[in-house]
Structure formats: C-alpha cells, structure tokens
file target.cif (mmCIF, C-alpha atoms)
data_upload
loop_
_atom_site.group_PDB
_atom_site.id
_atom_site.type_symbol
_atom_site.label_atom_id
_atom_site.label_comp_id
_atom_site.auth_asym_id
_atom_site.auth_seq_id
_atom_site.Cartn_x
_atom_site.Cartn_y
_atom_site.Cartn_z
ATOM 1 C CA MET L 300 -26.954 96.898 3.725
ATOM 2 C CA ASP L 301 -25.284 97.280 7.113
ATOM 3 C CA ASP L 302 -25.205 93.500 7.396
ATOM 4 C CA LEU L 303 -23.417 93.293 4.062
ATOM 5 C CA MET L 304 -20.868 95.920 5.103
ATOM 6 C CA THR L 305 -20.253 94.080 8.369
ATOM 7 C CA PHE L 306 -19.809 90.844 6.465
ATOM 8 C CA LEU L 307 -17.406 92.408 3.953
ATOM 9 C CA ALA L 308 -15.417 94.099 6.715
ATOM 10 C CA MET L 309 -14.700 90.715 8.345
ATOM 11 C CA GLY L 310 -14.091 92.408 11.678
ATOM 12 C CA GLY L 311 -11.361 94.549 10.140
ATOM 13 C CA TYR L 312 -9.664 91.605 8.387
ATOM 14 C CA GLY L 313 -11.561 91.980 5.089
ATOM 15 C CA VAL L 314 -8.528 93.526 3.446
ATOM 16 C CA TYR L 315 -6.669 90.233 4.057
ATOM 17 C CA VAL L 316 -9.506 87.686 3.764
ATOM 18 C CA TRP L 317 -10.978 88.823 0.424
ATOM 19 C CA PRO L 318 -7.714 88.981 -1.534
ATOM 20 C CA ALA L 319 -6.956 85.423 -0.329
ATOM 21 C CA TYR L 320 -10.333 84.157 -1.607
ATOM 22 C CA GLY L 321 -10.121 86.293 -4.750
ATOM 23 C CA LEU L 322 -6.709 84.928 -5.670
ATOM 24 C CA THR L 323 -7.915 81.368 -5.059
ATOM 25 C CA ALA L 324 -10.965 81.937 -7.286
ATOM 26 C CA LEU L 325 -8.782 83.464 -10.006
ATOM 27 C CA ALA L 326 -6.330 80.578 -9.853
ATOM 28 C CA PHE L 327 -9.151 78.013 -10.113
ATOM 29 C CA VAL L 328 -10.752 79.804 -13.075
ATOM 30 C CA GLY L 329 -7.311 80.131 -14.655
ATOM 31 C CA MET L 330 -6.455 76.428 -14.255
ATOM 32 C CA LEU L 331 -9.804 75.257 -15.621
ATOM 33 C CA GLY L 332 -10.069 77.877 -18.370
ATOM 34 C CA TRP L 333 -6.548 77.370 -19.712
ATOM 35 C CA THR L 334 -7.003 73.582 -19.640
ATOM 36 C CA VAL L 335 -10.357 73.648 -21.469
ATOM 37 C CA VAL L 336 -9.212 76.159 -24.120
ATOM 38 C CA THR L 337 -6.091 74.085 -24.879
ATOM 39 C CA LEU L 338 -8.060 70.824 -24.912
ATOM 40 C CA LYS L 339 -10.675 72.211 -27.328
ATOM 41 C CA ALA L 340 -7.978 73.587 -29.657
ATOM 42 C CA ARG L 341 -6.263 70.185 -29.736
ATOM 43 C CA ARG L 342 -9.557 68.365 -30.372
ATOM 44 C CA ARG L 343 -10.185 70.718 -33.325
ATOM 45 C CA GLU L 344 -6.677 70.149 -34.647
ATOM 46 C CA GLU L 345 -7.121 66.382 -34.370
ATOM 47 C CA GLN L 346 -10.413 66.539 -36.257
ATOM 48 C CA GLY L 347 -8.828 68.779 -38.867
ATOM 49 C CA LEU L 348 -6.055 66.253 -39.434
ATOM 50 C CA ALA L 349 -8.588 63.451 -39.622
ATOM 51 C CA ALA L 350 -10.629 65.359 -42.194
ATOM 52 C CA ALA L 351 -7.483 66.022 -44.238
ATOM 53 C CA GLY L 352 -6.993 62.292 -44.521
ATOM 54 C CA ARG L 353 -3.944 62.091 -42.317
ATOM 55 C CA ILE L 354 -5.567 59.372 -40.282
ATOM 56 C CA ARG L 355 -6.498 56.632 -42.660
ATOM 57 C CA ARG L 356 -6.304 53.636 -40.426
ATOM 58 C CA GLY L 357 -7.866 54.940 -37.254
ATOM 59 C CA ARG L 358 -6.491 56.262 -34.029
ATOM 60 C CA ARG L 359 -5.152 53.095 -32.494
ATOM 61 C CA GLU L 360 -2.708 52.425 -35.314
ATOM 62 C CA ALA L 361 -1.654 56.032 -35.636
ATOM 63 C CA GLU L 362 -0.390 55.867 -32.067
ATOM 64 C CA SER L 363 1.804 52.843 -32.456
ATOM 65 C CA MET C 298 3.024 49.049 -4.331
ATOM 66 C CA THR C 299 2.356 45.340 -4.622
ATOM 67 C CA THR C 300 3.127 43.414 -7.769
ATOM 68 C CA ALA C 301 -0.524 42.341 -8.010
ATOM 69 C CA ARG C 302 -1.512 45.912 -8.850
ATOM 70 C CA ILE C 303 0.876 46.353 -11.722
ATOM 71 C CA PRO C 304 -1.301 44.658 -14.392
ATOM 72 C CA LEU C 305 -4.223 46.895 -13.376
ATOM 73 C CA LEU C 306 -2.018 49.977 -13.636
ATOM 74 C CA HIS C 307 -0.905 48.926 -17.075
ATOM 75 C CA ARG C 308 -4.471 48.430 -18.156
ATOM 76 C CA TYR C 309 -5.260 52.060 -17.311
ATOM 77 C CA ALA C 310 -2.029 53.083 -18.987
ATOM 78 C CA ASN C 311 -3.652 52.275 -22.307
ATOM 79 C CA PRO C 312 -4.845 55.626 -23.717
ATOM 80 C CA ALA C 313 -8.096 54.160 -25.079
ATOM 81 C CA VAL C 314 -8.925 52.606 -21.710
ATOM 82 C CA PHE C 315 -8.022 55.896 -20.041
ATOM 83 C CA GLY C 316 -10.430 57.751 -22.326
ATOM 84 C CA ARG C 317 -13.298 55.467 -21.325
ATOM 85 C CA LEU C 318 -12.400 55.717 -17.644
ATOM 86 C CA ALA C 319 -12.198 59.515 -17.873
ATOM 87 C CA SER C 320 -15.611 59.867 -19.481
ATOM 88 C CA GLN C 321 -17.133 57.732 -16.713
ATOM 89 C CA VAL C 322 -15.356 59.447 -13.829
ATOM 90 C CA LEU C 323 -15.434 63.097 -14.963
ATOM 91 C CA PRO C 324 -19.159 63.829 -14.394
ATOM 92 C CA TRP C 325 -18.851 62.573 -10.791
ATOM 93 C CA THR C 326 -15.675 64.475 -9.948
ATOM 94 C CA THR C 327 -17.072 67.636 -11.574
ATOM 95 C CA GLY C 328 -20.292 67.356 -9.557
ATOM 96 C CA ALA C 329 -18.365 66.619 -6.371
ATOM 97 C CA ALA C 330 -16.078 69.620 -6.923
ATOM 98 C CA ILE C 331 -18.998 72.028 -7.451
ATOM 99 C CA LEU C 332 -20.977 70.674 -4.498
ATOM 100 C CA LEU C 333 -18.060 70.480 -2.052
ATOM 101 C CA LEU C 334 -16.679 73.923 -2.973
ATOM 102 C CA ALA C 335 -20.133 75.551 -2.735
ATOM 103 C CA LEU C 336 -20.854 73.955 0.651
ATOM 104 C CA GLY C 337 -17.302 74.596 1.816
ATOM 105 C CA LEU C 338 -17.484 78.293 0.901
ATOM 106 C CA TYR C 339 -20.821 78.647 2.659
ATOM 107 C CA PHE C 340 -19.461 77.194 5.890
ATOM 108 C CA ALA C 341 -16.088 78.924 5.520
ATOM 109 C CA LEU C 342 -17.494 82.427 5.017
ATOM 110 C CA PHE C 343 -20.933 82.411 6.665
ATOM 111 C CA SER C 344 -21.623 79.528 8.946
ATOM 112 C CA SER C 345 -18.452 79.089 10.970
ATOM 113 C CA PRO C 346 -17.452 81.181 13.981
ATOM 114 C CA PRO C 347 -14.578 83.683 14.088
ATOM 115 C CA ASP C 348 -11.572 82.448 16.047
ATOM 116 C CA TYR C 349 -11.408 83.576 19.677
ATOM 117 C CA GLN C 350 -7.875 84.873 19.128
ATOM 118 C CA GLN C 351 -7.650 85.527 15.393
ATOM 119 C CA GLY C 352 -11.141 86.836 14.705
ATOM 120 C CA ASN C 353 -12.292 86.569 11.090
ATOM 121 C CA SER C 354 -8.747 86.332 9.750
ATOM 122 C CA VAL C 355 -9.003 82.617 10.525
ATOM 123 C CA ARG C 356 -11.212 82.253 7.435
ATOM 124 C CA ILE C 357 -8.043 82.464 5.327
ATOM 125 C CA MET C 358 -7.274 79.018 6.733
ATOM 126 C CA TYR C 359 -10.032 77.465 4.586
ATOM 127 C CA VAL C 360 -8.120 78.236 1.373
ATOM 128 C CA HIS C 361 -4.577 78.238 2.793
ATOM 129 C CA VAL C 362 -4.626 74.759 4.358
ATOM 130 C CA PRO C 363 -6.336 72.899 1.452
ATOM 131 C CA ALA C 364 -3.908 74.587 -0.980
ATOM 132 C CA ALA C 365 -0.962 73.586 1.230
ATOM 133 C CA ILE C 366 -2.171 69.978 1.392
ATOM 134 C CA MET C 367 -2.686 69.861 -2.382
ATOM 135 C CA SER C 368 0.753 71.377 -3.015
ATOM 136 C CA GLU C 369 2.316 68.388 -1.229
ATOM 137 C CA VAL C 370 -0.113 65.649 -2.316
ATOM 138 C CA VAL C 371 0.135 66.638 -5.996
ATOM 139 C CA TYR C 372 3.931 66.638 -5.799
ATOM 140 C CA GLY C 373 3.845 63.237 -4.084
ATOM 141 C CA MET C 374 1.626 61.861 -6.873
ATOM 142 C CA MET C 375 3.947 63.356 -9.486
ATOM 143 C CA ALA C 376 6.935 61.691 -7.805
ATOM 144 C CA ALA C 377 5.129 58.324 -7.727
ATOM 145 C CA ALA C 378 4.199 58.710 -11.393
ATOM 146 C CA ALA C 379 7.749 59.787 -12.291
ATOM 147 C CA ALA C 380 9.071 56.621 -10.607
ATOM 148 C CA ALA C 381 6.463 54.494 -12.418
ATOM 149 C CA GLY C 382 7.490 56.106 -15.698
ATOM 150 C CA ILE C 383 11.154 55.294 -15.147
ATOM 151 C CA ILE C 384 10.737 51.792 -13.684
ATOM 152 C CA TRP C 385 7.841 50.343 -15.725
ATOM 153 C CA LYS C 386 7.881 52.631 -18.784
ATOM 154 C CA HIS C 387 4.263 53.301 -17.899
ATOM 155 C CA ALA C 388 2.649 54.890 -20.967
ATOM 156 C CA LEU C 389 0.690 57.575 -19.129
ATOM 157 C CA ALA C 390 2.902 58.167 -16.093
ATOM 158 C CA ASP C 391 5.248 60.772 -17.586
ATOM 159 C CA LEU C 392 2.312 62.590 -19.150
ATOM 160 C CA PHE C 393 0.529 62.624 -15.789
ATOM 161 C CA VAL C 394 3.540 64.354 -14.239
ATOM 162 C CA LYS C 395 3.409 67.013 -16.952
ATOM 163 C CA ALA C 396 -0.380 67.383 -16.674
ATOM 164 C CA ALA C 397 -0.301 67.777 -12.879
ATOM 165 C CA ALA C 398 2.683 70.141 -12.568
ATOM 166 C CA PRO C 399 0.981 73.478 -13.406
ATOM 167 C CA LEU C 400 -1.865 72.606 -11.019
ATOM 168 C CA GLY C 401 0.564 71.798 -8.219
ATOM 169 C CA ALA C 402 2.375 75.064 -8.903
ATOM 170 C CA ALA C 403 -0.926 76.976 -8.714
ATOM 171 C CA PHE C 404 -1.877 75.327 -5.398
ATOM 172 C CA THR C 405 1.569 76.154 -3.994
ATOM 173 C CA PHE C 406 1.168 79.758 -5.132
ATOM 174 C CA ILE C 407 -2.268 80.002 -3.453
ATOM 175 C CA CYS C 408 -0.786 78.504 -0.280
ATOM 176 C CA LEU C 409 2.092 81.006 -0.208
ATOM 177 C CA VAL C 410 0.044 84.129 -1.009
ATOM 178 C CA ALA C 411 -2.903 83.239 1.259
ATOM 179 C CA GLY C 412 -0.403 82.400 3.986
ATOM 180 C CA SER C 413 1.261 85.750 3.491
ATOM 181 C CA LEU C 414 -2.118 87.518 3.714
ATOM 182 C CA TRP C 415 -2.751 85.636 6.964
ATOM 183 C CA GLY C 416 0.742 86.248 8.333
ATOM 184 C CA LYS C 417 0.603 90.017 8.015
ATOM 185 C CA PRO C 418 -2.273 90.599 10.478
ATOM 186 C CA MET C 419 -1.336 87.685 12.798
ATOM 187 C CA TRP C 420 2.476 87.802 12.866
ATOM 188 C CA GLY C 421 2.993 91.375 11.727
ATOM 189 C CA ALA C 422 5.011 90.226 8.703
ATOM 190 C CA TRP C 423 4.143 89.249 5.130
ATOM 191 C CA TRP C 424 7.029 86.815 5.093
ATOM 192 C CA VAL C 425 9.555 85.284 7.457
ATOM 193 C CA TRP C 426 12.377 82.920 6.530
ATOM 194 C CA ASP C 427 11.213 80.198 8.854
ATOM 195 C CA ALA C 428 11.681 76.542 7.933
ATOM 196 C CA ARG C 429 8.054 75.861 6.953
ATOM 197 C CA LEU C 430 7.723 78.905 4.695
ATOM 198 C CA THR C 431 11.150 78.450 3.136
ATOM 199 C CA SER C 432 10.670 74.739 2.366
ATOM 200 C CA GLU C 433 7.257 75.500 0.807
ATOM 201 C CA LEU C 434 8.864 78.228 -1.314
ATOM 202 C CA ILE C 435 11.453 75.656 -2.459
ATOM 203 C CA LEU C 436 8.550 73.384 -3.475
ATOM 204 C CA PHE C 437 7.200 76.228 -5.626
ATOM 205 C CA PHE C 438 10.617 76.569 -7.301
ATOM 206 C CA LEU C 439 10.708 72.794 -7.875
ATOM 207 C CA TYR C 440 7.385 73.050 -9.746
ATOM 208 C CA LEU C 441 8.653 76.016 -11.785
ATOM 209 C CA GLY C 442 11.922 74.207 -12.472
ATOM 210 C CA TYR C 443 10.031 71.169 -13.756
ATOM 211 C CA LEU C 444 7.819 73.304 -15.995
ATOM 212 C CA ALA C 445 10.863 75.043 -17.466
ATOM 213 C CA LEU C 446 12.778 71.781 -17.956
ATOM 214 C CA VAL C 447 10.004 69.678 -19.502
ATOM 215 C CA ASP C 448 9.668 72.001 -22.489
ATOM 216 C CA ALA C 449 13.376 72.734 -22.889
ATOM 217 C CA PHE C 450 14.135 69.830 -25.269
ATOM 218 C CA ASP C 451 13.417 69.430 -28.974
ATOM 219 C CA ASP C 452 12.428 65.836 -28.266
ATOM 220 C CA PRO C 453 9.432 65.947 -25.872
ATOM 221 C CA GLN C 454 10.265 62.468 -24.591
ATOM 222 C CA ARG C 455 13.656 63.657 -23.349
ATOM 223 C CA GLY C 456 11.982 66.603 -21.610
ATOM 224 C CA LEU C 457 9.620 64.236 -19.814
ATOM 225 C CA LYS C 458 12.517 62.000 -18.713
ATOM 226 C CA ALA C 459 14.644 64.918 -17.461
ATOM 227 C CA GLY C 460 11.613 66.371 -15.676
ATOM 228 C CA ALA C 461 10.835 63.035 -14.017
ATOM 229 C CA ILE C 462 14.361 62.895 -12.592
ATOM 230 C CA LEU C 463 14.072 66.457 -11.265
ATOM 231 C CA VAL C 464 10.742 65.590 -9.585
ATOM 232 C CA LEU C 465 12.284 62.496 -7.958
ATOM 233 C CA VAL C 466 15.294 64.428 -6.649
ATOM 234 C CA GLY C 467 13.022 67.159 -5.299
ATOM 235 C CA VAL C 468 10.834 64.717 -3.367
ATOM 236 C CA VAL C 469 13.239 65.111 -0.429
ATOM 237 C CA ASP C 470 11.562 68.503 0.166
ATOM 238 C CA LEU C 471 8.219 66.878 1.098
ATOM 239 C CA PRO C 472 9.226 65.413 4.504
ATOM 240 C CA ILE C 473 11.166 68.609 5.200
ATOM 241 C CA ILE C 474 7.978 70.665 4.698
ATOM 242 C CA LYS C 475 5.888 68.226 6.735
ATOM 243 C CA PHE C 476 8.245 67.964 9.708
ATOM 244 C CA SER C 477 9.780 71.461 9.547
ATOM 245 C CA VAL C 478 7.449 72.618 12.312
ATOM 246 C CA ASP C 479 8.685 69.802 14.578
ATOM 247 C CA TRP C 480 12.387 69.886 13.703
ATOM 248 C CA TRP C 481 12.902 73.625 14.010
ATOM 249 C CA ASN C 482 11.472 76.495 16.011
ATOM 250 C CA THR C 483 9.151 78.008 13.443
ATOM 251 C CA LEU C 484 6.829 80.964 13.608
ATOM 252 C CA HIS C 485 4.411 78.768 11.669
ATOM 253 C CA GLN C 486 2.228 76.714 13.995
ATOM 254 C CA PRO C 487 2.747 72.940 14.288
ATOM 255 C CA ALA C 488 0.374 70.362 12.758
ATOM 256 C CA SER C 489 -3.209 70.592 13.977
ATOM 257 C CA LEU C 490 -4.988 68.216 11.571
ATOM 258 C CA MET C 491 -2.756 65.170 11.191
ATOM 259 C CA THR C 492 -1.580 64.645 14.750
ATOM 260 C CA MET C 493 -1.233 61.375 16.662
ATOM 261 C CA ALA C 494 -4.134 62.438 18.895
ATOM 262 C CA GLY C 495 -6.420 63.331 15.960
ATOM 263 C CA PRO C 496 -7.399 66.785 14.703
ATOM 264 C CA LYS C 497 -7.041 69.612 17.210
ATOM 265 C CA VAL C 498 -9.457 71.882 15.340
ATOM 266 C CA ASP C 499 -12.938 72.592 16.686
ATOM 267 C CA PRO C 500 -15.698 70.728 14.760
ATOM 268 C CA SER C 501 -17.260 74.040 13.661
ATOM 269 C CA MET C 502 -14.021 74.855 11.825
ATOM 270 C CA LEU C 503 -13.119 71.279 10.910
ATOM 271 C CA LEU C 504 -16.277 70.895 8.780
ATOM 272 C CA PRO C 505 -15.574 73.766 6.334
ATOM 273 C CA LEU C 506 -11.918 72.738 6.262
ATOM 274 C CA ILE C 507 -12.731 69.140 5.295
ATOM 275 C CA LEU C 508 -15.318 70.279 2.713
ATOM 276 C CA MET C 509 -12.765 72.605 1.121
ATOM 277 C CA ILE C 510 -10.045 69.927 1.129
ATOM 278 C CA GLY C 511 -12.528 67.597 -0.601
ATOM 279 C CA GLY C 512 -13.480 70.327 -3.069
ATOM 280 C CA PHE C 513 -9.849 71.106 -3.916
ATOM 281 C CA THR C 514 -9.193 67.378 -4.400
ATOM 282 C CA ALA C 515 -12.224 66.827 -6.671
ATOM 283 C CA PHE C 516 -11.285 69.936 -8.663
ATOM 284 C CA PHE C 517 -7.739 68.641 -9.086
ATOM 285 C CA ILE C 518 -8.896 65.189 -10.249
ATOM 286 C CA THR C 519 -11.295 66.779 -12.764
ATOM 287 C CA VAL C 520 -8.775 69.201 -14.245
ATOM 288 C CA VAL C 521 -5.838 66.778 -14.259
ATOM 289 C CA MET C 522 -7.900 64.220 -16.230
ATOM 290 C CA LEU C 523 -8.794 66.895 -18.794
ATOM 291 C CA ARG C 524 -5.128 67.893 -18.975
ATOM 292 C CA LEU C 525 -4.060 64.263 -19.402
ATOM 293 C CA GLU C 526 -6.500 63.878 -22.300
ATOM 294 C CA SER C 527 -5.061 67.095 -23.721
ATOM 295 C CA GLU C 528 -1.474 65.795 -23.417
ATOM 296 C CA LEU C 529 -2.466 62.532 -25.121
ATOM 297 C CA LEU C 530 -4.025 64.484 -27.983
ATOM 298 C CA ALA C 531 -0.904 66.630 -28.315
ATOM 299 C CA ARG C 532 1.268 63.524 -28.499
ATOM 300 C CA ARG C 533 -1.003 61.945 -31.118
ATOM 301 C CA ILE C 534 -1.057 65.127 -33.218
ATOM 302 C CA ARG C 535 2.722 65.388 -33.004
ATOM 303 C CA ALA C 536 3.096 61.746 -34.075
ATOM 304 C CA TRP C 537 0.913 62.322 -37.142
ATOM 305 C CA ARG C 538 2.718 65.480 -38.104
ATOM 306 C CA THR C 539 6.096 63.800 -37.747
ATOM 307 C CA ALA C 540 4.903 60.814 -39.793
ATOM 308 C CA ALA C 541 3.628 63.203 -42.474
ATOM 309 C CA GLY C 542 6.976 64.996 -42.556
ATOM 310 C CA ASP C 543 5.596 68.336 -41.427
ATOM 311 C CA GLU C 544 8.431 69.058 -39.026
#

call {"tool": "encode", "arguments": {"input": "target.cif", "output": "structure tokens"}}
result
Amino acid sequence: MDDLMTFLAMGGYGVYVWPAYGLTALAFVGMLGWTVVTLKARRREEQGLAAAGRIRRGRREAES
Amino acid sequence: MTTARIPLLHRYANPAVFGRLASQVLPWTTGAAILLLALGLYFALFSSPPDYQQGNSVRIMYVHVPAAIMSEVVYGMMAAAAAAGIIWKHALADLFVKAAAPLGAAFTFICLVAGSLWGKPMWGAWWVWDARLTSELILFFLYLGYLALVDAFDDPQRGLKAGAILVLVGVVDLPIIKFSVDWWNTLHQPASLMTMAGPKVDPSMLLPLILMIGGFTAFFITVVMLRLESELLARRIRAWRTAAGDE
C-alpha cells in the first residue's frame, strides 16, 4: 500500500503527471470511440439503403 | 515525389482498393498500437528512472513529446494530401485531410495541456508566450479553423477544397515550430531527439519515448483508416440520397 502511495505521489509531481496521462487516455478513447460509433452508424445507414432497394446495381456504379 | 509513384498512388485512391488494403493493414496496426502503448506505458511509468534535475515530472515527456511530434507529422501529411488533391484530383486525398484533422487537433491539444502541466512545476508558469508555445498554439487554431471551414459549405466538395487551401497556407507554421527554439531565445528547451549529433536523451528514457512515439503513430494509422472508411461511406450515402431526390 505504501508502495502504491509512493508511486502515485510521483515524488510530489503526481498532481501534474497523472492529469497529463489521464487527459491523453481520455483523448485516445474519445478519438477511437467517436470514430467507431460514427462508422457503425454509417454502415447501418448504408445497409438500410441497400435493403430499401436504393442500390440496385451495386456499390461500384452507385459511386460513379 | 517521383512521377513513378503516381500510378501506385492512384491505384490506392480507388475506394474499393482502399477497402481491401485497410482490411489487410488494420489488424497489424491495431496490434502494434496496443503492444507499443502497453510497453511504452510500462517503461514510461515504472521502469525508467526519474530525471536527476526534474524528478518524476519528466514522465510527462512520454506523452508530451509523442503528441508534439504527431501534431506536426499529421499536419504535414494533411498538407501533402491537400496538395495531391489539388494537383492530381486524387480521389481519397481530400477525404484523408478531413479524416486526419480531428486527430491532429487532439494530438496538438494533448501536447499543449501536457506541456502546460510540465511547465508549471519546472518553469513556474502554466503558459509563457515563447516562440515554441505560441507557434504550437497557432497550429491548434489551424486545425480548428480547418474543421470549422470544411463543414461550412452546402456542397461538401467545396468545403474540402477550401479546407485544403487553408491547410496549404498554414503549412508555413511547421518550420516555424520546428526551428523556433533555434531562431529565438525560448524558455522551451532546444531539440534533443532530432539533432545533427543524434539523440541527446539517455537510453533509459529514449526507450519509453520511442515506444510511445511508435504507439501514437500506430494508433493514428488505425484510427485514420477507420475515419477514411467512414468518410467514404458518408460520401456514398450522400450520393445515393441526392440521386434519389431526398435532399
């Protein structure tokens, strides 16, 4: 337990070190999470359109 | 860029080819990101020594420096892609710029805040208007400016074009950031990794730093490929909706 407290204290710099790592972790989770949620929503929307018959001649021709 | 590489670039500009490439590359970059970040964090927080002057505050370096490097590298890639989009009408280039911009902005934000958290105990100030800090702050505003501009048009294609021009104009900030510590007297320390005489960082600190830089890079490649796929899907969906007269 004392070891943990020593580690967390970071020689008195814990109050600066941990927010820096915490913010980095948050930013990484935010970047990945936002990207994946948006991507999944768009994949669903694409499949929905396909099911509704909007895409009759396949993806390649729909793009051009 | 040599002319011989252009056909290859155009091959990967094809969205279908990109999709295949992405599905092959993504598992590797994801694995590399997890492994490098886990190892990097272990060495950064546990298995590297405190600095003889800065004590444990030096551990902020292992997120601050990789974020700073990514903030510049991502912008450089965006500028290259913006140029490719304008010169060769590269099909994916403009979308890459849009996909990368929020990530570059996030890295710049990490760099600024972690730097501030390091500056307070070491310099006695959260912020100083020295050339390095100010030019990095301008980079953050360039990212925000791009993000505001790219979505400000009814026609997404015009937003991408306007954004690409902004990115190209802003590229002048990159050498200013890089050389600010040489050109002006800054409170920020000069380069210690990319010097003519090689890195001036002790191996015990260089290892976690390199692992974290690798981890940040692999993370960026993974997420930017997912975002590019997402942008392609959005464009396809928009095309269908327009064709169907929904808008």

call {"tool": "residues_around", "arguments": {"input": "target.cif", "residues": "range 357-366 of chain C", "least_positions_apart": "5", "cutoff": "9 Å", "atoms": "only C-alpha atoms", "output": "PyMOL selection string"}}
result
(chain L and resi 315-317+319-320+323) or (chain C and resi 337-338+341-342+371+401+403-412+414-415+433+502+505-507+509-514)

call {"tool": "resolve_selection", "arguments": {"input": "target.cif", "expression": "the PyMOL selection byres ((chain L) within 9 of (chain C))", "output": "ChimeraX atom specification"}}
result
/L:306,309-320,322-323,326-327,330-331,334-335,337-339,341-342,344-345,348,353-354,358-359,361-362

call {"tool": "atom_distance", "arguments": {"input": "target.cif", "atom1": "CA of Lys458 in chain C", "atom2": "CA of Asp470 in chain C"}}
result
20.0 Å

call {"tool": "atom_distance", "arguments": {"input": "target.cif", "atom1": "CA of Met304 in chain L", "atom2": "CA of Ser344 in chain C"}}
result
16.9 Å

call {"tool": "closest_residue", "arguments": {"input": "target.cif", "among": "C:Leu436, C:Ala515, C:Ala329, C:Ala428", "to": "Tyr372 in chain C", "atoms": "only C-alpha atoms"}}
result
C:Leu436

call {"tool": "atom_distance", "arguments": {"input": "target.cif", "atom1": "CA of Ser477 in chain C", "atom2": "CA of Ser432 in chain C"}}
result
7.9 Å

call {"tool": "axis_aligned_box", "arguments": {"input": "target.cif", "around": "range 345-350 of chain L", "padding_each_side": "3 Å", "output": "lines of an AutoDock Vina configuration file"}}
result
center_x = -8.3
center_y = 66.1
center_z = -38.3
size_x = 10.6
size_y = 11.3
size_z = 13.8

call {"tool": "build_atoms", "arguments": {"input": "target.cif", "residues": "range 308-325 of chain L", "atoms": "N, CA and C atoms", "output": "PDB file, in the coordinates of the input"}}
result
ATOM      1  N   ALA L 308     -16.512  93.570   5.886  1.00  0.00           N
ATOM      2  CA  ALA L 308     -15.417  94.099   6.715  1.00  0.00           C
ATOM      3  C   ALA L 308     -14.662  92.981   7.425  1.00  0.00           C
ATOM      4  N   MET L 309     -15.329  91.866   7.677  1.00  0.00           N
ATOM      5  CA  MET L 309     -14.700  90.715   8.345  1.00  0.00           C
ATOM      6  C   MET L 309     -13.995  91.133   9.642  1.00  0.00           C
ATOM      7  N   GLY L 310     -14.664  91.973  10.408  1.00  0.00           N
ATOM      8  CA  GLY L 310     -14.091  92.408  11.678  1.00  0.00           C
ATOM      9  C   GLY L 310     -12.758  93.119  11.514  1.00  0.00           C
ATOM     10  N   GLY L 311     -12.599  93.812  10.383  1.00  0.00           N
ATOM     11  CA  GLY L 311     -11.361  94.549  10.140  1.00  0.00           C
ATOM     12  C   GLY L 311     -10.341  93.753   9.336  1.00  0.00           C
ATOM     13  N   TYR L 312     -10.621  92.450   9.114  1.00  0.00           N
ATOM     14  CA  TYR L 312      -9.664  91.605   8.387  1.00  0.00           C
ATOM     15  C   TYR L 312     -10.043  91.423   6.918  1.00  0.00           C
ATOM     16  N   GLY L 313     -11.115  92.132   6.473  1.00  0.00           N
ATOM     17  CA  GLY L 313     -11.561  91.980   5.089  1.00  0.00           C
ATOM     18  C   GLY L 313     -10.470  92.223   4.069  1.00  0.00           C
ATOM     19  N   VAL L 314      -9.607  93.161   4.369  1.00  0.00           N
ATOM     20  CA  VAL L 314      -8.528  93.526   3.446  1.00  0.00           C
ATOM     21  C   VAL L 314      -7.525  92.380   3.269  1.00  0.00           C
ATOM     22  N   TYR L 315      -7.528  91.421   4.201  1.00  0.00           N
ATOM     23  CA  TYR L 315      -6.669  90.233   4.057  1.00  0.00           C
ATOM     24  C   TYR L 315      -7.467  89.019   3.565  1.00  0.00           C
ATOM     25  N   VAL L 316      -8.707  88.880   4.084  1.00  0.00           N
ATOM     26  CA  VAL L 316      -9.506  87.686   3.764  1.00  0.00           C
ATOM     27  C   VAL L 316      -9.906  87.686   2.291  1.00  0.00           C
ATOM     28  N   TRP L 317     -10.437  88.824   1.792  1.00  0.00           N
ATOM     29  CA  TRP L 317     -10.978  88.823   0.424  1.00  0.00           C
ATOM     30  C   TRP L 317      -9.913  88.654  -0.656  1.00  0.00           C
ATOM     31  N   PRO L 318      -8.746  89.279  -0.533  1.00  0.00           N
ATOM     32  CA  PRO L 318      -7.714  88.981  -1.534  1.00  0.00           C
ATOM     33  C   PRO L 318      -7.325  87.496  -1.554  1.00  0.00           C
ATOM     34  N   ALA L 319      -7.313  86.849  -0.376  1.00  0.00           N
ATOM     35  CA  ALA L 319      -6.956  85.423  -0.329  1.00  0.00           C
ATOM     36  C   ALA L 319      -7.984  84.595  -1.112  1.00  0.00           C
ATOM     37  N   TYR L 320      -9.276  84.892  -0.886  1.00  0.00           N
ATOM     38  CA  TYR L 320     -10.333  84.157  -1.607  1.00  0.00           C
ATOM     39  C   TYR L 320     -10.363  84.553  -3.085  1.00  0.00           C
ATOM     40  N   GLY L 321     -10.125  85.831  -3.362  1.00  0.00           N
ATOM     41  CA  GLY L 321     -10.121  86.293  -4.750  1.00  0.00           C
ATOM     42  C   GLY L 321      -9.025  85.638  -5.563  1.00  0.00           C
ATOM     43  N   LEU L 322      -7.827  85.563  -4.973  1.00  0.00           N
ATOM     44  CA  LEU L 322      -6.709  84.928  -5.670  1.00  0.00           C
ATOM     45  C   LEU L 322      -7.007  83.448  -5.919  1.00  0.00           C
ATOM     46  N   THR L 323      -7.586  82.785  -4.908  1.00  0.00           N
ATOM     47  CA  THR L 323      -7.915  81.368  -5.059  1.00  0.00           C
ATOM     48  C   THR L 323      -8.905  81.179  -6.207  1.00  0.00           C
ATOM     49  N   ALA L 324      -9.962  82.034  -6.220  1.00  0.00           N
ATOM     50  CA  ALA L 324     -10.965  81.937  -7.286  1.00  0.00           C
ATOM     51  C   ALA L 324     -10.318  82.153  -8.653  1.00  0.00           C
ATOM     52  N   LEU L 325      -9.474  83.174  -8.743  1.00  0.00           N
ATOM     53  CA  LEU L 325      -8.782  83.464 -10.006  1.00  0.00           C
ATOM     54  C   LEU L 325      -7.932  82.280 -10.461  1.00  0.00           C
TER      55      LEU L 325
END
